[in-house]
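Coordinates as given in target-v3.cif (mmCIF, C-alpha atoms and all ligand atoms):
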```cif
data_start
loop_
_atom_site.label_atom_id
_atom_site.label_comp_id
_atom_site.auth_asym_id
_atom_site.auth_seq_id
_atom_site.Cartn_x
_atom_site.Cartn_y
_atom_site.Cartn_z
CA MET Q 1 16.87 -97.69 -34.08
CA GLU Q 2 14.69 -100.48 -35.40
CA GLU Q 3 11.16 -99.44 -36.37
CA ILE Q 4 8.17 -101.40 -35.12
CA SER Q 5 6.45 -102.87 -38.18
CA PHE Q 6 3.03 -104.49 -38.10
CA GLY Q 7 2.18 -105.29 -41.71
CA PRO Q 8 -1.05 -104.50 -43.58
CA VAL Q 9 -3.89 -103.81 -41.15
CA GLN Q 10 -6.48 -105.01 -43.69
CA GLU Q 11 -5.11 -108.50 -43.21
CA MET Q 12 -5.36 -108.43 -39.42
CA ASN Q 13 -7.78 -110.89 -37.89
CA GLY Q 14 -9.79 -110.09 -34.78
CA LEU Q 15 -9.14 -107.13 -32.52
CA HIS Q 16 -5.80 -105.35 -32.42
CA LEU Q 17 -4.99 -102.37 -30.21
CA PHE Q 18 -2.15 -99.91 -30.76
CA HIS Q 19 -1.68 -98.28 -27.40
CA THR Q 20 0.65 -97.16 -24.64
CA ASP Q 21 0.76 -96.87 -20.84
CA ILE Q 22 0.09 -93.74 -18.76
CA SER Q 23 -2.43 -92.64 -21.37
CA ASN Q 24 -5.95 -91.69 -20.38
CA CYS Q 25 -7.22 -92.27 -23.95
CA CYS Q 26 -5.75 -95.77 -24.08
CA ASP Q 27 -7.04 -96.53 -20.56
CA LYS Q 28 -10.53 -95.71 -21.82
CA VAL Q 29 -10.36 -98.28 -24.61
CA ARG Q 30 -8.73 -100.98 -22.48
CA ILE Q 31 -11.44 -100.56 -19.80
CA ALA Q 32 -14.18 -100.94 -22.43
CA LEU Q 33 -12.46 -104.03 -23.86
CA ALA Q 34 -12.22 -105.49 -20.35
CA GLU Q 35 -15.89 -104.74 -19.63
CA LYS Q 36 -16.81 -106.71 -22.74
CA ASN Q 37 -14.32 -109.45 -21.85
CA LEU Q 38 -12.84 -109.23 -25.35
CA LYS Q 39 -9.47 -110.65 -26.32
CA TRP Q 40 -7.19 -108.38 -28.31
CA GLU Q 41 -3.73 -108.40 -29.82
CA ASP Q 42 -1.33 -106.05 -28.17
CA HIS Q 43 0.72 -103.50 -30.19
CA PHE Q 44 2.45 -101.56 -27.46
CA PHE Q 45 4.33 -98.33 -28.20
CA VAL Q 46 6.80 -96.59 -25.91
CA LEU Q 47 5.93 -93.01 -26.87
CA PRO Q 48 9.03 -91.20 -25.53
CA LYS Q 49 11.13 -93.60 -27.61
CA GLY Q 50 9.10 -92.55 -30.66
CA ASP Q 51 7.85 -96.07 -31.42
CA HIS Q 52 4.78 -94.51 -33.04
CA LEU Q 53 6.76 -92.10 -35.24
CA THR Q 54 6.79 -94.24 -38.36
CA LYS Q 55 5.27 -93.79 -41.80
CA GLU Q 56 3.48 -97.08 -41.31
CA PHE Q 57 1.66 -95.94 -38.16
CA PHE Q 58 0.85 -92.48 -39.55
CA SER Q 59 -0.64 -94.16 -42.61
CA ILE Q 60 -3.31 -95.71 -40.37
CA ASN Q 61 -3.76 -92.62 -38.17
CA PRO Q 62 -2.61 -89.33 -39.78
CA LYS Q 63 -2.73 -87.66 -36.33
CA GLY Q 64 -0.11 -90.15 -35.19
CA VAL Q 65 -1.72 -90.80 -31.82
CA VAL Q 66 -2.86 -93.85 -29.88
CA PRO Q 67 -5.24 -95.54 -29.24
CA VAL Q 68 -5.96 -97.10 -32.61
CA LEU Q 69 -8.19 -100.14 -32.79
CA VAL Q 70 -8.27 -102.51 -35.73
CA ASP Q 71 -11.23 -104.86 -35.92
CA LYS Q 72 -11.33 -107.40 -38.72
CA GLY Q 73 -9.00 -105.26 -40.81
CA LYS Q 74 -10.87 -101.96 -40.28
CA VAL Q 75 -9.24 -99.04 -38.49
CA TYR Q 76 -10.92 -97.03 -35.71
CA THR Q 77 -9.35 -93.91 -34.20
CA GLU Q 78 -10.34 -91.45 -31.43
CA SER Q 79 -10.97 -93.04 -28.05
CA ASN Q 80 -14.61 -91.93 -27.82
CA ASN Q 81 -15.39 -93.31 -31.29
CA ILE Q 82 -13.62 -96.53 -30.43
CA ILE Q 83 -15.54 -97.22 -27.23
CA GLU Q 84 -18.84 -96.34 -28.91
CA TYR Q 85 -17.97 -98.72 -31.72
CA LEU Q 86 -17.11 -101.49 -29.24
CA ASP Q 87 -20.43 -101.03 -27.48
CA ARG Q 88 -22.38 -101.21 -30.75
CA GLN Q 89 -20.45 -104.13 -32.16
CA TYR Q 90 -20.15 -106.15 -28.95
CA PRO Q 91 -23.36 -105.31 -27.07
CA GLU Q 92 -22.86 -107.52 -24.00
CA PRO Q 93 -22.79 -106.22 -21.35
CA PRO Q 94 -24.30 -102.94 -22.58
CA LEU Q 95 -22.39 -99.79 -21.72
CA CYS Q 96 -25.19 -97.42 -22.66
CA PRO Q 97 -28.54 -96.99 -20.93
CA GLU Q 98 -31.77 -97.93 -22.68
CA LEU Q 99 -33.66 -94.68 -22.21
CA LYS Q 100 -33.12 -92.29 -25.10
CA SER Q 101 -32.72 -89.27 -22.78
CA ASP Q 102 -30.09 -91.17 -20.79
CA ARG Q 103 -28.24 -92.09 -23.96
CA ILE Q 104 -28.09 -88.41 -24.85
CA SER Q 105 -26.69 -87.66 -21.39
CA VAL Q 106 -24.00 -90.32 -21.87
CA GLY Q 107 -23.03 -88.74 -25.21
CA LEU Q 108 -22.81 -85.28 -23.65
CA LEU Q 109 -20.65 -86.52 -20.77
CA MET Q 110 -18.33 -88.34 -23.17
CA GLU Q 111 -18.00 -85.12 -25.13
CA SER Q 112 -17.30 -83.03 -22.03
CA ALA Q 113 -14.65 -85.53 -20.93
CA GLN Q 114 -13.08 -85.34 -24.39
CA ASN Q 115 -13.20 -81.54 -24.39
CA TYR Q 116 -11.33 -81.63 -21.10
CA HIS Q 117 -8.53 -83.67 -22.72
CA PRO Q 118 -6.29 -80.68 -23.64
CA CYS Q 119 -6.53 -79.58 -19.98
CA VAL Q 120 -5.50 -83.02 -18.75
CA ALA Q 121 -2.67 -82.97 -21.28
CA ALA Q 122 -1.50 -79.52 -20.08
CA LEU Q 123 -1.48 -80.69 -16.45
CA SER Q 124 0.18 -84.00 -17.32
CA PHE Q 125 2.96 -82.35 -19.29
CA GLU Q 126 3.54 -79.78 -16.56
CA PHE Q 127 3.40 -82.09 -13.53
CA LEU Q 128 4.42 -85.52 -14.85
CA PHE Q 129 6.06 -85.66 -18.23
CA LYS Q 130 8.30 -82.67 -17.57
CA ALA Q 131 10.27 -85.13 -15.45
CA ALA Q 132 11.55 -86.66 -18.70
CA PRO Q 133 10.99 -84.19 -21.54
CA TYR Q 134 10.83 -85.45 -25.11
CA SER Q 135 13.87 -84.63 -27.23
CA PRO Q 136 13.88 -81.93 -29.96
CA GLU Q 137 14.45 -84.79 -32.47
CA PHE Q 138 11.18 -86.37 -31.32
CA PHE Q 139 9.26 -83.19 -32.18
CA GLN Q 140 11.06 -82.75 -35.52
CA LYS Q 141 10.35 -86.31 -36.54
CA ARG Q 142 6.72 -86.02 -35.47
CA ALA Q 143 6.17 -82.71 -37.28
CA ALA Q 144 7.56 -84.20 -40.46
CA LEU Q 145 5.10 -87.10 -40.31
CA LYS Q 146 1.93 -85.33 -39.13
CA THR Q 147 -0.63 -84.43 -41.75
CA GLU Q 148 -3.46 -83.75 -39.27
CA VAL Q 149 -2.97 -81.65 -36.16
CA GLU Q 150 -5.23 -80.95 -33.20
CA PRO Q 151 -5.00 -77.14 -32.69
CA GLU Q 152 -6.36 -77.31 -29.10
CA MET Q 153 -3.53 -79.68 -28.23
CA GLU Q 154 -0.85 -77.59 -29.96
CA ALA Q 155 -2.04 -74.48 -28.04
CA ILE Q 156 -0.98 -75.90 -24.68
CA PHE Q 157 2.73 -75.97 -25.50
CA ASP Q 158 5.26 -73.21 -25.20
CA ARG Q 159 7.94 -74.99 -27.19
CA ASP Q 160 10.47 -72.11 -27.03
CA ASN Q 161 10.56 -72.43 -23.27
CA GLY Q 162 10.30 -76.20 -23.29
CA GLY Q 163 7.03 -76.42 -21.42
CA VAL Q 164 3.36 -75.70 -21.06
CA VAL Q 165 1.72 -72.26 -21.35
CA THR Q 166 1.15 -71.12 -17.73
CA GLU Q 167 -2.38 -69.85 -18.42
CA LYS Q 168 -3.32 -73.29 -19.73
CA VAL Q 169 -2.32 -74.82 -16.40
CA THR Q 170 -4.30 -72.23 -14.44
CA GLU Q 171 -7.31 -72.64 -16.70
CA ALA Q 172 -7.16 -76.44 -16.47
CA ILE Q 173 -7.40 -76.25 -12.66
CA VAL Q 174 -10.40 -73.89 -12.83
CA LEU Q 175 -12.13 -76.15 -15.35
CA ALA Q 176 -11.32 -79.23 -13.27
CA ASN Q 177 -13.22 -77.70 -10.37
CA LYS Q 178 -16.14 -76.88 -12.63
CA ALA Q 179 -16.23 -80.48 -13.83
CA PHE Q 180 -15.93 -81.86 -10.26
CA LYS Q 181 -18.94 -79.81 -9.23
CA GLU Q 182 -21.06 -81.05 -12.14
CA LEU Q 183 -20.03 -84.68 -11.73
CA ASP Q 184 -20.54 -84.54 -7.96
CA SER Q 185 -24.05 -83.23 -8.46
CA LEU Q 186 -24.88 -86.01 -10.95
CA LEU Q 187 -23.57 -88.56 -8.46
CA SER Q 188 -25.66 -87.18 -5.58
CA SER Q 189 -28.63 -89.33 -6.58
CA GLY Q 190 -26.96 -92.59 -7.60
CA ASP Q 191 -23.85 -94.69 -8.00
CA TRP Q 192 -23.19 -93.88 -11.65
CA LEU Q 193 -23.08 -90.74 -13.78
CA VAL Q 194 -26.15 -91.66 -15.82
CA GLY Q 195 -29.05 -93.90 -14.81
CA ASP Q 196 -28.47 -96.93 -12.64
CA ARG Q 197 -25.67 -98.69 -14.46
CA PHE Q 198 -22.03 -98.21 -15.28
CA SER Q 199 -21.73 -96.65 -18.75
CA LEU Q 200 -19.37 -95.17 -21.31
CA ALA Q 201 -19.78 -91.86 -19.46
CA ASP Q 202 -18.23 -93.36 -16.32
CA ILE Q 203 -15.33 -94.71 -18.38
CA ALA Q 204 -14.75 -91.39 -20.14
CA TRP Q 205 -14.58 -89.42 -16.89
CA ALA Q 206 -12.87 -92.14 -14.81
CA VAL Q 207 -9.67 -91.84 -16.81
CA GLN Q 208 -9.60 -88.04 -16.51
CA ILE Q 209 -10.24 -88.07 -12.76
CA HIS Q 210 -7.62 -90.78 -12.35
CA ARG Q 211 -4.99 -88.61 -14.02
CA LEU Q 212 -5.92 -85.61 -11.85
CA LYS Q 213 -5.54 -87.83 -8.79
CA THR Q 214 -2.20 -89.14 -10.06
CA ILE Q 215 -0.93 -85.58 -10.26
CA ARG Q 216 -2.28 -85.07 -6.73
CA LEU Q 217 -4.90 -82.36 -7.30
CA LYS Q 218 -6.40 -82.09 -3.82
CA ASP Q 219 -9.53 -80.17 -4.86
CA ILE Q 220 -11.25 -83.49 -5.65
CA ASP Q 221 -11.52 -84.20 -1.91
CA ASN Q 222 -14.07 -81.39 -1.63
CA TYR Q 223 -16.56 -83.46 -3.63
CA PRO Q 224 -17.73 -86.44 -1.52
CA ASN Q 225 -19.90 -88.11 -4.18
CA LEU Q 226 -17.07 -87.98 -6.67
CA VAL Q 227 -14.67 -89.46 -4.11
CA ARG Q 228 -17.13 -92.31 -3.39
CA TRP Q 229 -17.63 -93.00 -7.14
CA TYR Q 230 -13.89 -93.05 -7.77
CA LYS Q 231 -13.31 -95.51 -4.87
CA THR Q 232 -15.93 -97.85 -6.38
CA LEU Q 233 -14.22 -97.59 -9.76
CA GLU Q 234 -10.82 -98.49 -8.34
CA GLU Q 235 -12.35 -101.77 -7.15
CA ARG Q 236 -13.96 -102.57 -10.50
CA GLU Q 237 -12.31 -105.46 -12.37
CA SER Q 238 -12.31 -103.73 -15.77
CA VAL Q 239 -10.71 -100.59 -14.30
CA LYS Q 240 -8.00 -102.66 -12.65
CA LYS Q 241 -7.39 -104.69 -15.78
CA GLY Q 242 -7.67 -101.86 -18.31
CA MET Q 243 -6.02 -99.03 -16.39
CA LEU Q 244 -4.44 -99.71 -13.02
CA GLU Q 245 -2.56 -102.85 -13.99
CA TRP Q 246 -0.85 -101.01 -16.87
CA GLU Q 247 0.87 -98.69 -14.43
CA THR Q 248 4.23 -100.20 -13.65
CA PRO Q 249 5.69 -99.62 -10.18
CA GLU Q 250 8.91 -98.38 -11.86
CA SER Q 251 7.22 -95.62 -13.85
CA TYR Q 252 5.10 -94.60 -10.89
CA ALA Q 253 8.14 -94.48 -8.60
CA PHE Q 254 9.79 -92.22 -11.16
CA PHE Q 255 6.80 -89.87 -11.45
CA ASN Q 256 6.11 -89.86 -7.71
CA ASN Q 257 9.67 -88.84 -7.13
CA TYR Q 258 9.16 -85.90 -9.51
CA LEU Q 259 5.84 -84.98 -7.83
CA ASP Q 260 7.62 -84.99 -4.43
CA GLN Q 261 10.28 -82.73 -5.88
CA ARG Q 262 7.65 -80.27 -7.17
CA GLU Q 263 6.00 -80.26 -3.73
CA ALA Q 264 9.34 -79.53 -2.05
CA GLU Q 265 9.84 -76.64 -4.51
CA GLU Q 266 6.24 -75.51 -3.88
CA THR Q 267 5.53 -75.54 -7.61
CA ASP Q 268 3.18 -78.55 -7.44
CA ILE Q 269 -0.39 -78.48 -8.72
CA ASN Q 270 -1.79 -77.43 -5.32
CA SER Q 271 0.53 -74.46 -4.99
CA PRO Q 272 -1.10 -70.97 -4.93
CA ILE Q 273 1.11 -69.97 -7.88
CA TRP Q 274 -1.32 -71.75 -10.24
CA ARG Q 275 -4.46 -70.18 -8.79
CA VAL Q 276 -6.03 -67.08 -10.27
N1 LIG Q 301 -8.29 -87.33 -29.27
C1 LIG Q 301 -7.44 -88.49 -29.19
C2 LIG Q 301 -6.23 -88.12 -28.39
C3 LIG Q 301 -5.20 -89.23 -28.39
C4 LIG Q 301 -3.88 -88.77 -27.79
O1 LIG Q 301 -3.64 -87.58 -27.55
N2 LIG Q 301 -2.99 -89.74 -27.57
C5 LIG Q 301 -1.69 -89.48 -27.01
C6 LIG Q 301 -1.47 -90.39 -25.81
S1 LIG Q 301 -2.64 -89.98 -24.50
C7 LIG Q 301 -0.61 -89.80 -28.05
O2 LIG Q 301 -0.70 -90.79 -28.73
N3 LIG Q 301 0.42 -88.97 -28.16
C8 LIG Q 301 1.51 -89.21 -29.04
C9 LIG Q 301 2.11 -87.94 -29.54
O3 LIG Q 301 1.57 -86.86 -29.23
O4 LIG Q 301 3.12 -88.00 -30.25
C10 LIG Q 301 -8.24 -89.67 -28.57
O5 LIG Q 301 -9.15 -89.42 -27.78
O6 LIG Q 301 -7.97 -90.82 -28.92
#
```

Please re-express this file's structure in structure tokens.
Amino acid sequence: MEEISFGPVQEMNGLHLFHTDISNCCDKVRIALAEKNLKWEDHFFVLPKGDHLTKEFFSINPKGVVPVLVDKGKVYTESNNIIEYLDRQYPEPPLCPELKSDRISVGLLMESAQNYHPCVAALSFEFLFKAAPYSPEFFQKRAALKTEVEPEMEAIFDRDNGGVVTEKVTEAIVLANKAFKELDSLLSSGDWLVGDRFSLADIAWAVQIHRLKTIRLKDIDNYPNLVRWYKTLEERESVKKGMLEWETPESYAFFNNYLDQREAEETDINSPIWRV
């Protein structure tokens, strides 16, 4: 199979994004880019095909994950770092509040959203990606290239049984409810998570909540402020452009079919089997 080659990143002009679809981390960056109305060059990887499993890509991100942003030849990794960088470098419109205490709150919410990432990954692999599992060759190739691993991410997989550790699924649902409660309470006094304007905190949590909705977790409906906030987000141009429009009807038809199948089997995310 032909490898995707992109040449020396140091020589890249302007903004370049290495990314994929159905990826909460990539959604985050594309939403921030859309908020800032920035133009960027598209380097799209099909992850299950292993487009990213090349020496060239691992040389710019030793973890071998997307998103990776290149701006004027400099590489930025980790979705939270990338969106913070974009907000510093391209300040209009600002995606952080002015008040110092509010800025701290934004940082804490971005961190909590990031800490929830292994949970979202566990739920995504169990309820979505299991529909088309990656091949053993994919994992071998990836292991051979990786020089930096994320232990929290590795801990969610039970590779011998080809899936996700059951306790990680159960725990992710408990922690989702904890997060819903906290977010709902923050949204009881305003439209946005911090202060009176849309911020990086809204972006960081929007992508996580979106994935939980995609995998049909019904618990969200118990939190009216969160439901209202999410509806507003779905109507926001940057969210449509950066996240929703990257979801092809074909891939969603495929995943929805799998979600229907799990519901018929009563092994879906809302089934009592995952509740402690
Ligand atoms: N902590 C990273 C996580 C990035 C991440 O896990 N990316 C996934 C897609 S959502 C990926 O590239 N996976 C490829 C692989 O695991 O081989 C971030 O926030 O940017």

Which one of Q:Gly163, Q:Asp51, Q:Pro91, Q:Ser189 sits closest to Leu128 in chain Q if you count all atoms listed in the file?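 Counting all atoms listed in the file, the residue closest to Leu128 in chain Q is Q:Gly163.
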
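The nearest approach to ligand LIG 301 (chain Q) among the residues Q:Lys63, Q:Arg30, Q:His16, Q:Lys39, with only C-alpha atoms and all ligand atoms taken into account, belongs to Q:Lys63.
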
Leaving out Val194 in chain Q and any residue of its chain fewer than 4 positions from it, which residues lie within 8 Å of it when counting all atoms listed in the file, given as a list of chain:residue names?
Q:Pro97, Q:Asp102, Q:Ser105, Q:Val106, Q:Leu186, Q:Phe198, Q:Ser199, Q:Ala201

Exercise. May I have the protein, DNA and RNA residues with an atom at most 9 Å from (7.1, -101.0, -35.8), counting only C-alpha atoms in the file's coordinates, returned as a list of chain:residue names?
Key: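 These residues have at least one counted atom within 9 Å: Q:Glu2, Q:Glu3, Q:Ile4, Q:Ser5, Q:Phe6, Q:Gly7, Q:His43, Q:Phe45, Q:Asp51, Q:His52, Q:Leu53, Q:Thr54, Q:Glu56, Q:Phe57.
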
Counting all atoms listed in the file, closest pick from Q:Asn225, Q:Thr248, Q:Asn270, Q:Asn81 relative to Gly107 in chain Q is Q:Asn81

For this session: Show me which residues sit within 8 Å of ligand LIG 301 (chain Q) when counting only C-alpha atoms and all ligand atoms, and put them as a list in words.
Result: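 The neighbouring residues of ligand LIG 301 (chain Q) are, in order, His19, Thr20, Ile22, Ser23, Asn24, Cys25, Cys26, Leu47, Gly50, His52, Leu53, Gly64, Val65, Val66, Pro67, Val68, Thr77, Glu78, Ser79, Asn80, Gln114, His117, Ala121, Arg142 and Met153 of chain Q.
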
Would you mind listing what lies within 9 Å of Glu35 in chain Q as a PyMOL selection string, with all atoms listed in the file counted and same-chain residues fewer than 2 positions away left out? chain Q and resi 30-33+37-38+92-93+95+237-239+242

- Item | Residue nearest Ala172 in chain Q among Q:Glu250, Q:Glu245, Q:Glu126, Q:Asp158 (counting only C-alpha atoms) |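 Looking at the shortest contact to Ala172 in chain Q, the residue is Q:Glu126.
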
What would the file be for range 168-179 of chain Q if you keep all heavy atoms and write it as a PDB file, in the first residue's frame?
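File produced: result00.pdb:
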```pdb
ATOM      1  N   LYS Q 168     -13.769  -0.671  32.589  1.00  0.00           N
ATOM      2  CA  LYS Q 168     -13.507   0.672  32.035  1.00  0.00           C
ATOM      3  C   LYS Q 168     -14.782   1.253  31.421  1.00  0.00           C
ATOM      4  O   LYS Q 168     -15.002   2.451  31.454  1.00  0.00           O
ATOM      5  CB  LYS Q 168     -12.388   0.619  30.984  1.00  0.00           C
ATOM      6  CG  LYS Q 168     -11.041   0.246  31.566  1.00  0.00           C
ATOM      7  CD  LYS Q 168     -10.435   1.424  32.326  1.00  0.00           C
ATOM      8  CE  LYS Q 168      -9.169   1.032  33.043  1.00  0.00           C
ATOM      9  NZ  LYS Q 168      -8.697   2.052  33.994  1.00  0.00           N
ATOM     10  N   VAL Q 169     -15.619   0.361  30.870  1.00  0.00           N
ATOM     11  CA  VAL Q 169     -16.893   0.818  30.301  1.00  0.00           C
ATOM     12  C   VAL Q 169     -17.811   1.279  31.435  1.00  0.00           C
ATOM     13  O   VAL Q 169     -18.376   2.386  31.414  1.00  0.00           O
ATOM     14  CB  VAL Q 169     -17.571  -0.312  29.482  1.00  0.00           C
ATOM     15  CG1 VAL Q 169     -18.943   0.115  28.990  1.00  0.00           C
ATOM     16  CG2 VAL Q 169     -16.684  -0.722  28.315  1.00  0.00           C
ATOM     17  N   THR Q 170     -17.901   0.448  32.461  1.00  0.00           N
ATOM     18  CA  THR Q 170     -18.760   0.756  33.608  1.00  0.00           C
ATOM     19  C   THR Q 170     -18.331   2.073  34.257  1.00  0.00           C
ATOM     20  O   THR Q 170     -19.151   2.942  34.539  1.00  0.00           O
ATOM     21  CB  THR Q 170     -18.621  -0.386  34.653  1.00  0.00           C
ATOM     22  OG1 THR Q 170     -18.660  -1.602  33.947  1.00  0.00           O
ATOM     23  CG2 THR Q 170     -19.690  -0.364  35.672  1.00  0.00           C
ATOM     24  N   GLU Q 171     -17.033   2.191  34.449  1.00  0.00           N
ATOM     25  CA  GLU Q 171     -16.476   3.385  35.095  1.00  0.00           C
ATOM     26  C   GLU Q 171     -16.733   4.632  34.234  1.00  0.00           C
ATOM     27  O   GLU Q 171     -17.071   5.700  34.754  1.00  0.00           O
ATOM     28  CB  GLU Q 171     -14.965   3.176  35.278  1.00  0.00           C
ATOM     29  CG  GLU Q 171     -14.271   4.292  35.995  1.00  0.00           C
ATOM     30  CD  GLU Q 171     -12.750   4.123  35.953  1.00  0.00           C
ATOM     31  OE1 GLU Q 171     -12.181   3.940  34.855  1.00  0.00           O
ATOM     32  OE2 GLU Q 171     -12.127   4.174  37.002  1.00  0.00           O
ATOM     33  N   ALA Q 172     -16.596   4.475  32.926  1.00  0.00           N
ATOM     34  CA  ALA Q 172     -16.796   5.622  32.030  1.00  0.00           C
ATOM     35  C   ALA Q 172     -18.231   6.143  32.110  1.00  0.00           C
ATOM     36  O   ALA Q 172     -18.469   7.348  32.002  1.00  0.00           O
ATOM     37  CB  ALA Q 172     -16.457   5.229  30.593  1.00  0.00           C
ATOM     38  N   ILE Q 173     -19.197   5.227  32.332  1.00  0.00           N
ATOM     39  CA  ILE Q 173     -20.602   5.669  32.426  1.00  0.00           C
ATOM     40  C   ILE Q 173     -20.828   6.400  33.757  1.00  0.00           C
ATOM     41  O   ILE Q 173     -21.489   7.447  33.809  1.00  0.00           O
ATOM     42  CB  ILE Q 173     -21.565   4.472  32.246  1.00  0.00           C
ATOM     43  CG1 ILE Q 173     -21.398   3.892  30.827  1.00  0.00           C
ATOM     44  CG2 ILE Q 173     -23.014   4.892  32.492  1.00  0.00           C
ATOM     45  CD1 ILE Q 173     -22.156   2.601  30.558  1.00  0.00           C
ATOM     46  N   VAL Q 174     -20.224   5.890  34.821  1.00  0.00           N
ATOM     47  CA  VAL Q 174     -20.336   6.562  36.130  1.00  0.00           C
ATOM     48  C   VAL Q 174     -19.728   7.960  36.040  1.00  0.00           C
ATOM     49  O   VAL Q 174     -20.331   8.956  36.464  1.00  0.00           O
ATOM     50  CB  VAL Q 174     -19.620   5.725  37.237  1.00  0.00           C
ATOM     51  CG1 VAL Q 174     -19.537   6.497  38.547  1.00  0.00           C
ATOM     52  CG2 VAL Q 174     -20.311   4.388  37.426  1.00  0.00           C
ATOM     53  N   LEU Q 175     -18.537   8.036  35.444  1.00  0.00           N
ATOM     54  CA  LEU Q 175     -17.849   9.333  35.357  1.00  0.00           C
ATOM     55  C   LEU Q 175     -18.560  10.288  34.401  1.00  0.00           C
ATOM     56  O   LEU Q 175     -18.509  11.501  34.573  1.00  0.00           O
ATOM     57  CB  LEU Q 175     -16.387   9.143  34.941  1.00  0.00           C
ATOM     58  CG  LEU Q 175     -15.522   8.436  35.998  1.00  0.00           C
ATOM     59  CD1 LEU Q 175     -14.107   8.225  35.482  1.00  0.00           C
ATOM     60  CD2 LEU Q 175     -15.481   9.224  37.308  1.00  0.00           C
ATOM     61  N   ALA Q 176     -19.243   9.734  33.404  1.00  0.00           N
ATOM     62  CA  ALA Q 176     -20.021  10.593  32.499  1.00  0.00           C
ATOM     63  C   ALA Q 176     -21.116  11.291  33.297  1.00  0.00           C
ATOM     64  O   ALA Q 176     -21.318  12.501  33.185  1.00  0.00           O
ATOM     65  CB  ALA Q 176     -20.645   9.769  31.376  1.00  0.00           C
ATOM     66  N   ASN Q 177     -21.780  10.533  34.152  1.00  0.00           N
ATOM     67  CA  ASN Q 177     -22.862  11.124  34.951  1.00  0.00           C
ATOM     68  C   ASN Q 177     -22.343  12.183  35.914  1.00  0.00           C
ATOM     69  O   ASN Q 177     -22.997  13.197  36.151  1.00  0.00           O
ATOM     70  CB  ASN Q 177     -23.637  10.029  35.689  1.00  0.00           C
ATOM     71  CG  ASN Q 177     -24.711   9.453  34.787  1.00  0.00           C
ATOM     72  OD1 ASN Q 177     -25.765  10.050  34.599  1.00  0.00           O
ATOM     73  ND2 ASN Q 177     -24.411   8.315  34.177  1.00  0.00           N
ATOM     74  N   LYS Q 178     -21.154  11.938  36.443  1.00  0.00           N
ATOM     75  CA  LYS Q 178     -20.539  12.923  37.345  1.00  0.00           C
ATOM     76  C   LYS Q 178     -20.285  14.220  36.562  1.00  0.00           C
ATOM     77  O   LYS Q 178     -20.573  15.321  37.027  1.00  0.00           O
ATOM     78  CB  LYS Q 178     -19.223  12.331  37.885  1.00  0.00           C
ATOM     79  CG  LYS Q 178     -18.657  13.045  39.030  1.00  0.00           C
ATOM     80  CD  LYS Q 178     -17.574  12.189  39.710  1.00  0.00           C
ATOM     81  CE  LYS Q 178     -16.788  13.032  40.684  1.00  0.00           C
ATOM     82  NZ  LYS Q 178     -15.632  13.689  40.090  1.00  0.00           N
ATOM     83  N   ALA Q 179     -19.736  14.047  35.372  1.00  0.00           N
ATOM     84  CA  ALA Q 179     -19.434  15.225  34.535  1.00  0.00           C
ATOM     85  C   ALA Q 179     -20.722  15.951  34.144  1.00  0.00           C
ATOM     86  O   ALA Q 179     -20.794  17.181  34.217  1.00  0.00           O
ATOM     87  CB  ALA Q 179     -18.667  14.790  33.290  1.00  0.00           C
TER      88      ALA Q 179
END
```
